[in-house]
Structures are given as structure tokens and as C-alpha cells.
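Undergrad: Sharing a structure here in C-alpha cells format.
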Amino acid sequence: MVSKDQRRRQLAREKYERQQQRRSAAQRKAKRRNVIIASVAAVALAAGAAVYASAGLAGGSDQEDRAAAPAPSKAPDPCGRPAKGSPSKKTWPKEPAMSLDTSASYSAKLATTCGTIDIKLDAGKAPHTVNSFAFLAGQGYFDHSKCHRLVDEGIFVLQCGDPKGTGRGTPGYTIPDENLKDPRLKGGVYPAGTVAMANRYDGANAKTRDSGGSQFFLVYQDSKLPPNYTPFGTITGGMDVLRKIAKAGATTDPQTRNSAPNATVVIDKASVRKS
């Protein structure tokens with residue numbers, strides 16, 4: 001015959017198992033929400049909008065339930081310590097004046113805590129975007145900023161360019177969408193190595209077009225996405241860095257649903273060079 005103490009322990013164990021199942025389901029659901037770009041484009045790659053889901057983590061809502069769940073474990077951090085310095089707080093009232101030579105070649109270098117990422121910029125195809133990116137890099141806007149989002153299910157991107165590290169930061173201005181008919185985006189796929197702008201386009205409302213700012217994403221594996229995000233560069237070095245970051249995984253915040261990389265990815269210095 002089962003004693004009251006044994007029965008109590010059994011019930012507690014069953015309750016814990018139910019909580020774990022709910023939390024596992026919530027984690028999967030949260031990742032799917034981060035992949036919502038594929039169906040309702042601008043959520044996971046939104047720049048400067050209220051992009052976070054309001055629903056809390058599924059499962060028990062009382063304090064006892066919260067206390068019973070162990071903290072999620074993280075993979076070892078494969079990256080180094082950030083360089084000394086603080087993220088930029090600068091903003092500007094309007095898009096910078098065009099100073100780009102569209103007949104020249106431009107390249108960018110992101111010196112990060114995880115390694116260096118080299119990018120060939122498409123000045124001729126996306127002049128406004130590259131001009132803005134070069135301006136912000138020259139102003140130190142990207143320096144000491146975290147890459148705040150890693151999506152590793154459905155689509156495979158690392159998102160950077162927000163000094164606030166929240167996904168809501170903007171440089172104070174917006175830039176137009178460009179190069180959306182790039183032949184590389186065949187079949188609604190952004191191929192691995194693409195660098196593209198995040199924006200607030202919601203997939204339906206034309207008023208949310210042309211809403212790029214400073215946030216951009218690096219595609220480390222072919223990703224099914226609608227052609228709504230300006231492709232403005234190609235990674236020429238550092239795919240191994242992105243794979244290292246992706247391998248460390250991401251942890252989804254139960255409140256914001258933002259999936260932050262477990263790796264400490266900070267852009268120590270961003271620079272653009274004309275050649």
C-alpha cells in the first residue's frame with residue numbers, strides 16, 4: 001500500500017514532469033515565433049519596433065511552479081571578453097547625405113569577440129544601405145554593441161546593429177528598401193553568407209516598408225525568407241565564426257521571446273574600407 005508520503009512525492013514528481021513538458025513545448029513555440037519572419041515577415045527581424053511577444057512562458061504561473069523549474073543550461077561560451085568601451089548613444093534626425101562612390105568597391109570588417117567577419121558590400125545595388133552602414137561604422141555606432149538575436153530553427157541568422165542590445169534601437173532615421181529582386185534570392189531563400197537589413201515591414205502594410213535603420217543580420221545557413229530585406233553584402237571571411245556562435249545555441253527569454261545567443265557576441269570594432 002502506498003503511504004501518504006510516497007503518494008505526495010509521486011504527485012510532486014508528476015507535477016514537475018508536467019512543468020518540464022510545458023516548458024519544453026514553450027521553448028519550441030518561442031523558437032517558432034522567432035521564425036515568424038517566414039510567415040509574418042518582420043517580427044524576428046524587426047528593427048526599432050515593439051517586436052516582442054507579450055505572452056509569458058507557458059506553464060505554472062504561481063511562485064511555487066517558477067521555483068521548481070531549474071534554470072536552463074547553456075553551452076560553453078566560445079568567445080572572448082569584449083574590448084573596453086560603451087555602446088553608442090548617438091542618433092541622427094535624417095539619413096546621412098550620399099557620399100558613396102557607387103563605381104568603387106567597398107568592404108566591411110567586423111572585429112568581434114568571437115572572431116573577425118569580413119564582408120563585401122554591394123554599393124552599386126544597395127547604395128543607400130551601404131552609405132548608411134559606412135556612415136554608422138565611421139561614427140563608431142556599431143562599436144561595443146552586442147549581436148542580440150540568434151535564430152537557429154527554420155531560419156539561421158545572427159542579428160546585430162543595435163547598441164541597445166534589445167532589438168528596439170535605431171539610429172534615429174530610416175532608409176529605403178533596395179535590391180529586393182537580387183537574383184541570389186531565388187525561391188525565397190537568402191543563401192548562406194548573405195548580409196541583409198532588418199526592418200519593420202509586417203508583410204502587409206505598405207506603410208511599414210522602407211523602415212530599415214541600423215540592424216542587420218548575417219545568414220549562416222540557407223534560410224527561407226520572403227524577399228523583404230535588403231541584401232547589401234556577402235560574407236567573404238568568418239563563416240566559421242558564425243558557425244561557432246550558432247553551435248553555442250541560444251536561450252529564449254520567457255518574457256520577451258527574444259532568442260539571445262549564448263555566445264558573448266560583441267562587435268568590438270566595425271570598419272568600412274573603399275578600394
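Residue numbering restarts at 1 for every chain of the C-alpha cells, chains are lettered A, B, ... in their displayed order, and ligands are numbered from 1 as they appear.
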Name all residues at most 12 Å from Phe135 in chain A (count only C-alpha atoms; drop same-chain ones fewer than 5 positions away) and give them as number ranges by chain.
TA: A: 91-92, 95-100, 108, 127-130, 140-142, 171, 213-214, 270-273
Undergrad: Please extract the residues of range 102-272 of chain A with a backbone DSSP assignment of alpha helix (DSSP H) and present them as a VMD selection string.
TA: chain A and resid 127 to 138 239 to 247
Undergrad: Those residues with C-alpha atoms, as a JSON list (two decimals), in the first residue's frame please?
TA:
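Okay, part33.json is ready:
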```json
[["chain", "number", "residue", "atom", "x", "y", "z"],
["A", 127, "PRO", "CA", 23.71, 52.49, -52.32],
["A", 128, "HIS", "CA", 21.52, 53.94, -49.56],
["A", 129, "THR", "CA", 22.08, 50.93, -47.34],
["A", 130, "VAL", "CA", 25.84, 50.75, -47.85],
["A", 131, "ASN", "CA", 26.16, 54.54, -47.49],
["A", 132, "SER", "CA", 24.30, 54.39, -44.17],
["A", 133, "PHE", "CA", 26.28, 51.37, -42.97],
["A", 134, "ALA", "CA", 29.58, 53.08, -43.81],
["A", 135, "PHE", "CA", 28.45, 56.27, -42.09],
["A", 136, "LEU", "CA", 27.43, 54.45, -38.90],
["A", 137, "ALA", "CA", 30.63, 52.43, -38.86],
["A", 138, "GLY", "CA", 32.64, 55.63, -39.25],
["A", 239, "MET", "CA", 31.64, 31.82, -41.74],
["A", 240, "ASP", "CA", 33.49, 29.62, -39.26],
["A", 241, "VAL", "CA", 32.95, 32.35, -36.66],
["A", 242, "LEU", "CA", 29.21, 32.33, -37.31],
["A", 243, "ARG", "CA", 29.08, 28.54, -37.12],
["A", 244, "LYS", "CA", 30.90, 28.68, -33.79],
["A", 245, "ILE", "CA", 28.35, 31.17, -32.46],
["A", 246, "ALA", "CA", 25.46, 29.07, -33.77],
["A", 247, "LYS", "CA", 26.87, 25.89, -32.25]]
```
Undergrad: Rounded to one decimal place, report the CA of Gly249 in chain A-CA of Cys147 in chain A distance in Å.
TA: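 These atoms are spaced 13.3 Å apart.
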Undergrad: Quick one: residues within 7 Å of Asp268 in chain A, only C-alpha atoms, excluding same-chain residues fewer than 6 positions away - as a list of chain:residue names?
TA: A:Pro82, A:Ala83, A:Ala111, A:Thr112, A:Thr113, A:Asp143, A:His144
Undergrad: Next, dump the selected residues to file, keeping only N, CA, C and O atoms, as an mmCIF file, in the first residue's frame.
TA:
```
data_model
loop_
_atom_site.group_PDB
_atom_site.id
_atom_site.type_symbol
_atom_site.label_atom_id
_atom_site.label_comp_id
_atom_site.auth_asym_id
_atom_site.auth_seq_id
_atom_site.Cartn_x
_atom_site.Cartn_y
_atom_site.Cartn_z
ATOM 1 N N PRO A 82 34.759 41.281 -24.246
ATOM 2 C CA PRO A 82 34.659 42.483 -25.084
ATOM 3 C C PRO A 82 35.765 43.479 -24.757
ATOM 4 O O PRO A 82 36.263 43.550 -23.631
ATOM 5 N N ALA A 83 36.129 44.258 -25.760
ATOM 6 C CA ALA A 83 37.084 45.338 -25.546
ATOM 7 C C ALA A 83 36.452 46.409 -24.656
ATOM 8 O O ALA A 83 35.227 46.524 -24.588
ATOM 9 N N ALA A 111 35.190 43.246 -36.296
ATOM 10 C CA ALA A 111 36.081 42.610 -35.336
ATOM 11 C C ALA A 111 35.258 42.306 -34.091
ATOM 12 O O ALA A 111 34.888 43.215 -33.346
ATOM 13 N N THR A 112 34.920 41.045 -33.879
ATOM 14 C CA THR A 112 34.039 40.665 -32.777
ATOM 15 C C THR A 112 34.812 39.873 -31.720
ATOM 16 O O THR A 112 35.946 39.431 -31.944
ATOM 17 N N THR A 113 34.168 39.675 -30.600
ATOM 18 C CA THR A 113 34.752 38.881 -29.527
ATOM 19 C C THR A 113 34.895 37.414 -29.913
ATOM 20 O O THR A 113 35.593 36.663 -29.233
ATOM 21 N N ASP A 143 30.373 49.937 -32.657
ATOM 22 C CA ASP A 143 31.416 49.503 -31.731
ATOM 23 C C ASP A 143 30.841 49.240 -30.339
ATOM 24 O O ASP A 143 30.017 50.017 -29.836
ATOM 25 N N HIS A 144 31.271 48.130 -29.743
ATOM 26 C CA HIS A 144 30.870 47.729 -28.386
ATOM 27 C C HIS A 144 29.386 47.328 -28.298
ATOM 28 O O HIS A 144 28.823 47.310 -27.206
#
```
Undergrad: Just list as a list in words whatever in range 166-259 of chain A DSSP marks as strand (DSSP E or B).
TA: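 The residues of range 166-259 of chain A classed as strand (DSSP E or B) are Ile175, Val189, Tyr190, Thr194, Val195, Ala196, Met197, Gly212, Phe216, Phe217, Leu218, Val219, Ser223, Lys224, Pro231, Phe232, Gly233, Thr234, Ile235, Thr236, Gly237, Ala250, Thr251, Thr252 and Ser259 of chain A.
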Undergrad: Which residue out of A:Cys114, A:Lys90, A:Asn228, A:Tyr16 has the minimum interatomic distance to Ala204 in chain A when only C-alpha atoms are used?
TA: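 Using only C-alpha atoms, Ala204 in chain A sits closest to A:Asn228.
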Undergrad: Using Å and a single decimal, report how far CA of Thr166 in chain A sits from CA of Gln255 in chain A.
TA: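 Between CA of Gln255 in chain A and CA of Thr166 in chain A the gap works out to 12.6 Å.
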Undergrad: Tell me, as an NGL selection string, which residues lie within 6 Å of Ile117 in chain A, counting only C-alpha atoms; anything in the same chain fewer than 4 positions away does not count.
TA: :A and (109-110 or 237-238)
